[in-house]
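*Asks:* Enclosed is the structure file structure.cif (mmCIF, C-alpha atoms and all ligand atoms).
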data_run
loop_
_atom_site.label_atom_id
_atom_site.label_comp_id
_atom_site.auth_asym_id
_atom_site.auth_seq_id
_atom_site.Cartn_x
_atom_site.Cartn_y
_atom_site.Cartn_z
CA MET X 4 -9.26 -15.15 18.61
CA SER X 5 -9.16 -11.50 19.51
CA GLU X 6 -11.86 -10.11 21.73
CA LEU X 7 -14.13 -7.56 20.08
CA LYS X 8 -14.76 -4.54 22.29
CA PRO X 9 -18.09 -2.70 22.11
CA GLY X 10 -18.37 0.30 19.80
CA LEU X 11 -17.36 -1.23 16.45
CA CYS X 12 -19.77 0.91 14.42
CA SER X 13 -18.64 4.15 16.02
CA ARG X 14 -14.95 3.31 15.45
CA PHE X 15 -15.77 2.47 11.83
CA THR X 16 -17.59 5.80 11.43
CA GLU X 17 -14.69 7.62 13.05
CA ILE X 18 -12.18 6.09 10.64
CA LYS X 19 -14.40 6.84 7.66
CA ASN X 20 -14.49 10.47 8.81
CA LYS X 21 -10.73 10.55 9.32
CA LEU X 22 -10.29 9.19 5.82
CA LYS X 23 -12.58 11.90 4.41
CA GLU X 24 -10.60 14.56 6.27
CA ALA X 25 -7.33 13.14 4.97
CA GLU X 26 -8.66 13.19 1.41
CA LYS X 27 -9.88 16.74 1.80
CA SER X 28 -6.68 18.02 3.37
CA VAL X 29 -4.67 17.07 0.27
CA ASP X 30 -7.36 18.04 -2.25
CA ARG X 31 -8.25 14.50 -3.18
CA LYS X 32 -11.81 13.69 -4.16
CA GLU X 33 -14.02 12.29 -1.42
CA GLY X 34 -14.25 8.53 -1.86
CA SER X 35 -11.10 8.26 -3.96
CA VAL X 36 -9.50 6.05 -1.30
CA GLU X 37 -11.19 2.77 -0.47
CA LEU X 38 -11.29 1.69 3.17
CA LEU X 39 -10.61 -2.03 3.64
CA PRO X 40 -11.45 -3.19 7.18
CA VAL X 41 -8.90 -5.80 8.32
CA SER X 42 -10.68 -8.41 10.43
CA LYS X 43 -7.83 -10.88 10.99
CA THR X 44 -7.84 -12.69 14.34
CA PHE X 45 -11.42 -11.57 15.06
CA GLY X 46 -14.19 -14.14 14.97
CA ILE X 47 -17.28 -14.40 12.82
CA GLU X 48 -19.26 -12.26 15.29
CA ALA X 49 -17.01 -9.32 14.39
CA ILE X 50 -17.81 -9.84 10.70
CA ILE X 51 -21.54 -10.07 11.41
CA GLU X 52 -21.42 -6.86 13.41
CA GLY X 53 -19.24 -5.21 10.77
CA VAL X 54 -21.78 -6.04 8.06
CA LYS X 55 -24.48 -4.47 10.23
CA CYS X 56 -22.32 -1.33 10.45
CA GLY X 57 -22.17 -1.23 6.64
CA MET X 58 -18.86 -2.96 5.92
CA THR X 59 -18.86 -4.66 2.52
CA SER X 60 -15.27 -5.86 2.27
CA PHE X 61 -12.80 -7.51 4.62
CA GLY X 62 -9.06 -8.11 4.66
CA GLU X 63 -7.80 -11.41 6.09
CA ASN X 64 -4.23 -12.57 6.69
CA TYR X 65 -4.51 -16.26 7.41
CA VAL X 66 -5.85 -18.60 4.75
CA GLN X 67 -7.79 -21.06 6.87
CA GLU X 68 -9.23 -18.42 9.16
CA GLY X 69 -10.31 -16.32 6.17
CA CYS X 70 -11.79 -19.29 4.31
CA SER X 71 -13.91 -20.37 7.24
CA LYS X 72 -15.32 -16.84 7.60
CA ILE X 73 -16.07 -16.70 3.87
CA ASP X 74 -17.86 -20.05 4.01
CA LEU X 75 -19.90 -19.00 7.04
CA CYS X 76 -20.84 -15.70 5.40
CA ARG X 77 -22.09 -17.46 2.27
CA ASN X 78 -24.73 -19.04 4.47
CA LEU X 79 -25.32 -16.08 6.76
CA PHE X 80 -25.70 -13.47 4.00
CA PRO X 81 -26.75 -15.37 0.89
CA ASN X 82 -27.86 -12.19 -0.89
CA ASN X 83 -25.10 -9.97 0.34
CA SER X 84 -22.01 -9.95 -1.82
CA LEU X 85 -19.05 -9.28 0.43
CA THR X 86 -15.60 -8.78 -1.05
CA TRP X 87 -12.72 -10.70 0.53
CA HIS X 88 -9.06 -9.71 0.26
CA LEU X 89 -6.17 -11.96 1.24
CA ILE X 90 -3.50 -9.59 2.57
CA GLY X 91 -1.21 -12.13 4.26
CA PRO X 92 1.43 -14.48 2.87
CA LEU X 93 0.28 -17.42 0.75
CA GLN X 94 2.00 -20.79 0.46
CA SER X 95 1.57 -22.96 -2.59
CA ASN X 96 -0.22 -25.77 -0.71
CA LYS X 97 -3.05 -23.35 0.14
CA THR X 98 -3.63 -21.71 -3.22
CA ARG X 99 -6.67 -23.83 -4.08
CA LEU X 100 -8.55 -22.77 -0.94
CA VAL X 101 -7.89 -19.14 -1.86
CA ALA X 102 -8.64 -19.48 -5.59
CA GLU X 103 -12.02 -21.00 -4.76
CA ARG X 104 -13.09 -18.28 -2.34
CA PHE X 105 -11.29 -14.94 -2.27
CA ASP X 106 -11.95 -11.96 -4.57
CA TRP X 107 -8.52 -10.37 -4.21
CA VAL X 108 -4.99 -11.51 -3.33
CA GLN X 109 -2.80 -8.54 -2.47
CA THR X 110 0.44 -10.35 -1.75
CA ILE X 111 1.58 -11.80 -5.08
CA ASP X 112 5.37 -11.97 -5.20
CA ARG X 113 6.07 -15.18 -7.09
CA VAL X 114 5.10 -16.52 -10.52
CA LYS X 115 4.55 -20.00 -9.13
CA ILE X 116 1.85 -18.96 -6.65
CA ALA X 117 0.16 -16.78 -9.25
CA GLN X 118 0.15 -19.59 -11.82
CA ARG X 119 -1.46 -21.96 -9.33
CA LEU X 120 -4.11 -19.39 -8.45
CA SER X 121 -4.94 -18.85 -12.11
CA ASP X 122 -5.03 -22.59 -12.83
CA GLN X 123 -7.20 -23.30 -9.79
CA ARG X 124 -9.66 -20.42 -10.17
CA PRO X 125 -13.06 -22.02 -10.89
CA ALA X 126 -14.36 -21.22 -14.38
CA GLU X 127 -17.66 -19.86 -13.10
CA MET X 128 -15.98 -17.28 -10.88
CA ARG X 129 -14.78 -13.88 -12.02
CA PRO X 130 -11.01 -13.53 -12.46
CA LEU X 131 -9.14 -13.17 -9.18
CA ASN X 132 -7.99 -9.57 -8.65
CA VAL X 133 -4.32 -9.47 -7.71
CA LEU X 134 -1.78 -6.93 -6.53
CA ILE X 135 1.98 -7.29 -6.63
CA GLU X 136 3.51 -6.86 -3.19
CA VAL X 137 6.55 -4.60 -3.37
CA ASN X 138 9.30 -4.71 -0.76
CA ILE X 139 9.64 -0.96 -0.84
CA SER X 140 11.66 -0.53 2.34
CA ASN X 141 14.13 -3.17 1.19
CA GLN X 142 13.65 -5.22 4.34
CA GLU X 143 15.65 -8.43 4.27
CA SER X 144 13.15 -10.65 6.04
CA LYS X 145 10.12 -9.29 4.23
CA SER X 146 8.08 -10.73 1.43
CA GLY X 147 7.43 -8.77 -1.73
CA VAL X 148 9.50 -8.20 -4.86
CA ALA X 149 12.14 -5.52 -5.26
CA PRO X 150 10.88 -2.46 -7.18
CA GLU X 151 13.06 -3.28 -10.19
CA GLN X 152 11.51 -6.77 -10.40
CA VAL X 153 7.91 -5.61 -10.59
CA ARG X 154 7.76 -5.34 -14.40
CA ALA X 155 9.00 -8.88 -15.01
CA LEU X 156 6.42 -10.31 -12.59
CA ALA X 157 3.64 -8.08 -13.97
CA ASP X 158 4.37 -9.29 -17.52
CA GLU X 159 3.97 -12.90 -16.37
CA LEU X 160 0.73 -12.16 -14.50
CA LEU X 161 -0.78 -10.49 -17.56
CA LYS X 162 -0.50 -13.82 -19.40
CA MET X 163 -2.62 -15.64 -16.80
CA PRO X 164 -6.25 -15.84 -17.92
CA ASN X 165 -7.93 -16.13 -14.54
CA LEU X 166 -6.07 -13.31 -12.81
CA LYS X 167 -6.68 -9.60 -13.16
CA LEU X 168 -3.67 -7.52 -12.24
CA ARG X 169 -4.97 -4.34 -10.56
CA GLY X 170 -1.83 -2.73 -9.17
CA LEU X 171 0.59 -2.74 -6.27
CA MET X 172 0.62 -3.07 -2.49
CA CYS X 173 3.24 -2.56 0.19
CA ILE X 174 3.80 -2.91 3.92
CA PRO X 175 6.58 -0.39 4.59
CA GLU X 176 8.76 -0.48 7.64
CA PRO X 177 6.95 1.56 10.32
CA GLY X 178 8.29 5.12 10.45
CA GLU X 179 8.31 7.31 13.53
CA THR X 180 7.56 10.74 12.13
CA PRO X 181 5.18 11.71 9.31
CA GLU X 182 8.22 12.52 7.14
CA GLU X 183 9.74 9.10 7.78
CA LYS X 184 6.44 7.41 6.97
CA LEU X 185 6.10 9.36 3.73
CA ILE X 186 9.42 8.27 2.21
CA PRO X 187 8.47 4.66 1.22
CA LEU X 188 4.86 5.68 0.47
CA ARG X 189 6.04 8.32 -1.99
CA ALA X 190 8.48 5.87 -3.55
CA MET X 191 5.56 3.50 -4.12
CA LYS X 192 3.47 6.22 -5.73
CA THR X 193 6.34 7.13 -8.05
CA LEU X 194 6.74 3.49 -9.09
CA PHE X 195 2.96 3.11 -9.56
CA ASP X 196 2.75 6.22 -11.77
CA ARG X 197 5.78 5.23 -13.81
CA LEU X 198 4.34 1.79 -14.54
CA LYS X 199 1.03 3.34 -15.57
CA GLU X 200 2.89 5.67 -17.94
CA GLU X 201 4.58 2.62 -19.40
CA GLY X 202 1.16 1.19 -20.20
CA TYR X 203 0.30 -1.07 -17.27
CA GLU X 204 -3.42 -0.62 -16.57
CA PHE X 205 -3.30 -0.25 -12.81
CA ASP X 206 -6.10 1.26 -10.73
CA THR X 207 -5.14 0.16 -7.21
CA LEU X 208 -2.30 1.26 -4.96
CA SER X 209 -2.89 -0.48 -1.61
CA MET X 210 -0.94 1.17 1.19
CA GLY X 211 -1.68 2.71 4.57
CA MET X 212 -2.69 1.01 7.82
CA SER X 213 -3.87 2.27 11.23
CA GLY X 214 -0.54 3.97 11.91
CA ASP X 215 0.03 5.70 8.58
CA MET X 216 -3.38 6.14 6.98
CA ALA X 217 -3.21 9.92 6.57
CA GLU X 218 0.32 9.82 5.17
CA ALA X 219 -0.69 7.09 2.71
CA VAL X 220 -3.62 9.21 1.49
CA GLN X 221 -1.27 12.15 1.16
CA ALA X 222 1.18 10.07 -0.86
CA GLY X 223 -1.51 8.80 -3.26
CA SER X 224 -2.88 5.52 -1.91
CA THR X 225 -6.15 4.28 -3.41
CA MET X 226 -6.84 1.67 -0.71
CA VAL X 227 -6.03 1.76 2.99
CA ARG X 228 -6.12 -1.44 5.06
CA VAL X 229 -7.19 -0.66 8.59
CA GLY X 230 -7.37 -3.22 11.39
CA THR X 231 -6.58 -2.04 14.90
CA ALA X 232 -8.20 1.38 14.57
CA ILE X 233 -11.51 -0.27 13.65
CA PHE X 234 -11.60 -3.67 15.34
CA GLY X 235 -9.30 -2.90 18.27
CA PRO X 236 -6.12 -4.57 19.53
CA ARG X 237 -5.41 -8.13 18.41
CA GLN X 238 -4.36 -11.26 20.24
CA TYR X 239 -2.31 -13.47 17.97
CA THR X 240 -3.41 -17.03 18.52
CA THR X 241 -4.58 -18.12 15.08
CA GLN X 242 -2.31 -19.41 12.38
CA GLY X 243 -2.56 -20.81 8.93
C1 LIG C 1 -2.71 -6.50 9.91
C2 LIG C 1 -2.51 -5.84 8.61
C3 LIG C 1 -3.08 -4.58 8.36
C4 LIG C 1 -3.84 -3.79 9.40
O1 LIG C 1 -2.93 -3.29 10.33
P1 LIG C 1 -3.37 -2.30 11.50
O2 LIG C 1 -2.12 -1.68 11.91
O3 LIG C 1 -4.01 -3.13 12.54
O4 LIG C 1 -4.34 -1.32 10.90
C5 LIG C 1 -2.90 -4.05 7.10
N1 LIG C 1 -2.20 -4.69 6.14
C6 LIG C 1 -1.64 -5.89 6.35
C7 LIG C 1 -0.89 -6.55 5.25
C8 LIG C 1 -1.76 -6.48 7.60
O5 LIG C 1 -1.15 -7.66 7.81
#
Output the file's structure as structure tokens, nothing else.

*Replies:*
Amino acid sequence: MSELKPGLCSRFTEIKNKLKEAEKSVDRKEGSVELLPVSKTFGIEAIIEGVKCGMTSFGENYVQEGCSKIDLCRNLFPNNSLTWHLIGPLQSNKTRLVAERFDWVQTIDRVKIAQRLSDQRPAEMRPLNVLIEVNISNQESKSGVAPEQVRALADELLKMPNLKLRGLMCIPEPGETPEEKLIPLRAMKTLFDRLKEEGYEFDTLSMGMSGDMAEAVQAGSTMVRVGTAIFGPRQYTTQG
């Protein structure tokens, strides 16, 4: 588990202000970009404190870690509806845990995983919101589908009754300069807009992290996923 340093609420406020500034600087409406705090590797006390600071959604990377936080929060905040996003890779043997708990899965890149999630989503829960992960930087070792494969996967997802396809996400290769960072982010925005023109009803383009938040807002992101800048540096000890 990572150690939470004091000052979570002020870092959260600072990032919210930075996001507002970024929106303003490119003439985007205030609040048009959602801020998703990424709490991976931090313990339940970080979530509890985050909720006190006004956080209402969390991004988690590891299935078991995320599920145990969700289960604890159901008891801790019975009247508080938090929204949970899985933003890390998902293996087929863990789909049931996710289908029974999460609100969003942002890393869909295979029909098989999506089909399992749809089949395993409990009937009394709302459809699971999903994003297709796009390998926009064409990185060999990375997950995500190639841009030209997005339509075929989207068409399959639209047939699944318990999933709601909301758009696209990406984790581009980290760029050094603002210009370098903007290249994959702009390519994503172009793809997103083209698919919408073709009739796909997308409302979410999830891109931008601590290191490229402003560039992502500039390029047209609708959701930035921010970990380090809010929760602080991570120690990677958890898995699963
Ligand atoms: C960890 C993670 C983030 C947050 O990254 P930071 O650089 O800490 O802001 C965002 N998205 C994904 C998919 C992640 O795995």

*Asks:* Give me the residues near Asp158 (chain X) as a PyMOL selection string, where near means some atom within 12 Å (using all atoms listed in the file) and where sequence neighbours in that chain fewer than 6 positions away do not count.

*Replies:* chain X and resi 114+117+135+152+167-168+198+202-204

*Asks:* Excluding region 4-15 of chain X and any residue of its chain fewer than 4 positions from it, enumerate the residues within 12 Å of it, using only C-alpha atoms, and give them as a PyMOL selection string.

*Replies:* chain X and resi 19-22+38-58+68+213+229-242

*Asks:* So how far away is CA of Gly69 (chain X) from CA of Met212 (chain X), in Å?

*Replies:*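 One can read the CA of Met212 (chain X) to CA of Gly69 (chain X) distance as 19.0 Å.
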
*Asks:* Find the residues near Val220 (chain X): any atom within 8 Å, counting only C-alpha atoms, skip ones fewer than 3 places away on the same chain, and give them as a PDB file with C-alpha atoms, keeping the file's coordinate frame.

*Replies:*
ATOM      1  CA  LEU X  22     -10.290   9.190   5.820  1.00  0.00           C
ATOM      2  CA  ALA X  25      -7.330  13.140   4.970  1.00  0.00           C
ATOM      3  CA  GLU X  26      -8.660  13.190   1.410  1.00  0.00           C
ATOM      4  CA  VAL X  36      -9.500   6.050  -1.300  1.00  0.00           C
ATOM      5  CA  GLY X 211      -1.680   2.710   4.570  1.00  0.00           C
ATOM      6  CA  MET X 216      -3.380   6.140   6.980  1.00  0.00           C
ATOM      7  CA  ALA X 217      -3.210   9.920   6.570  1.00  0.00           C
ATOM      8  CA  GLY X 223      -1.510   8.800  -3.260  1.00  0.00           C
ATOM      9  CA  SER X 224      -2.880   5.520  -1.910  1.00  0.00           C
ATOM     10  CA  THR X 225      -6.150   4.280  -3.410  1.00  0.00           C
ATOM     11  CA  VAL X 227      -6.030   1.760   2.990  1.00  0.00           C
TER      12      VAL X 227
END

*Asks:* Within 8 Å of Ile139 (chain X), counting all atoms listed in the file, which residues qualify if same-chain residues fewer than 6 places away don't, as number ranges by chain?

*Replies:* X: 149-150, 173-175, 187, 190-191

*Asks:* Write the selection just made, keeping C-alpha atoms, as an mmCIF file, keeping the file's coordinate frame?

*Replies:*
data_model
loop_
_atom_site.group_PDB
_atom_site.id
_atom_site.type_symbol
_atom_site.label_atom_id
_atom_site.label_comp_id
_atom_site.auth_asym_id
_atom_site.auth_seq_id
_atom_site.Cartn_x
_atom_site.Cartn_y
_atom_site.Cartn_z
ATOM 1 C CA ALA X 149 12.140 -5.520 -5.260
ATOM 2 C CA PRO X 150 10.880 -2.460 -7.180
ATOM 3 C CA CYS X 173 3.240 -2.560 0.190
ATOM 4 C CA ILE X 174 3.800 -2.910 3.920
ATOM 5 C CA PRO X 175 6.580 -0.390 4.590
ATOM 6 C CA PRO X 187 8.470 4.660 1.220
ATOM 7 C CA ALA X 190 8.480 5.870 -3.550
ATOM 8 C CA MET X 191 5.560 3.500 -4.120
#

*Asks:* As AutoDock Vina command-line options, please report the centre and edge lengths, rounded to one decimal in Å, of the axis-aligned box that holds all listed atoms of region 199-204 of chain X with 3 Å of padding on each of the six sides.

*Replies:*
--center_x 0.6 --center_y 2.3 --center_z -17.9 --size_x 14.0 --size_y 12.7 --size_z 10.6

*Asks:* When you look at region 97-105 of chain X with a cut-off of 12 Å (counting only C-alpha atoms), what residues show up, excluding the ones that are within fewer than 5 positions of it in the same chain? I need them as JSON, numbers by chain.

*Replies:* {"X": [60, 61, 62, 63, 64, 65, 66, 67, 68, 69, 70, 71, 72, 73, 74, 75, 76, 77, 84, 85, 86, 87, 88, 89, 90, 91, 92, 111, 115, 116, 117, 118, 119, 120, 121, 122, 123, 124, 125, 126, 127, 128, 129, 130, 131, 132, 133, 165, 166, 243]}

*Asks:* So how far away is CA of Ser146 (chain X) from atom C5 of ligand LIG 1 (chain C), in Å?

*Replies:*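 Atom-to-atom, atom C5 of ligand LIG 1 (chain C) and CA of Ser146 (chain X) are spaced 14.0 Å apart.
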
*Asks:* Quick check, in Å to one decimal: how far apart do CA of Arg169 (chain X) and CA of Asp196 (chain X) lie?

*Replies:* 13.1 Å

*Asks:* Looking at X:Thr16, X:Asn78, X:Ser144, X:Ser35, which one is nearest to Gln221 (chain X), with distances taken over only C-alpha atoms?

*Replies:*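 Result for the nearest residue to Gln221 (chain X): X:Ser35.
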
*Asks:* Which one is closest to ligand LIG 1 (chain C): X:Glu179, X:Asp215, X:Glu143, X:Glu151? Count all atoms listed in the file.

*Replies:*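 Closest residue, counting all atoms listed in the file: X:Asp215.
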
*Asks:* Which of these, X:Lys192, X:Leu161, X:Ser140, X:Pro177, has the shortest distance to ligand LIG 1 (chain C) once you count all atoms listed in the file?

*Replies:*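 Looking at the shortest contact to ligand LIG 1 (chain C), the residue is X:Pro177.
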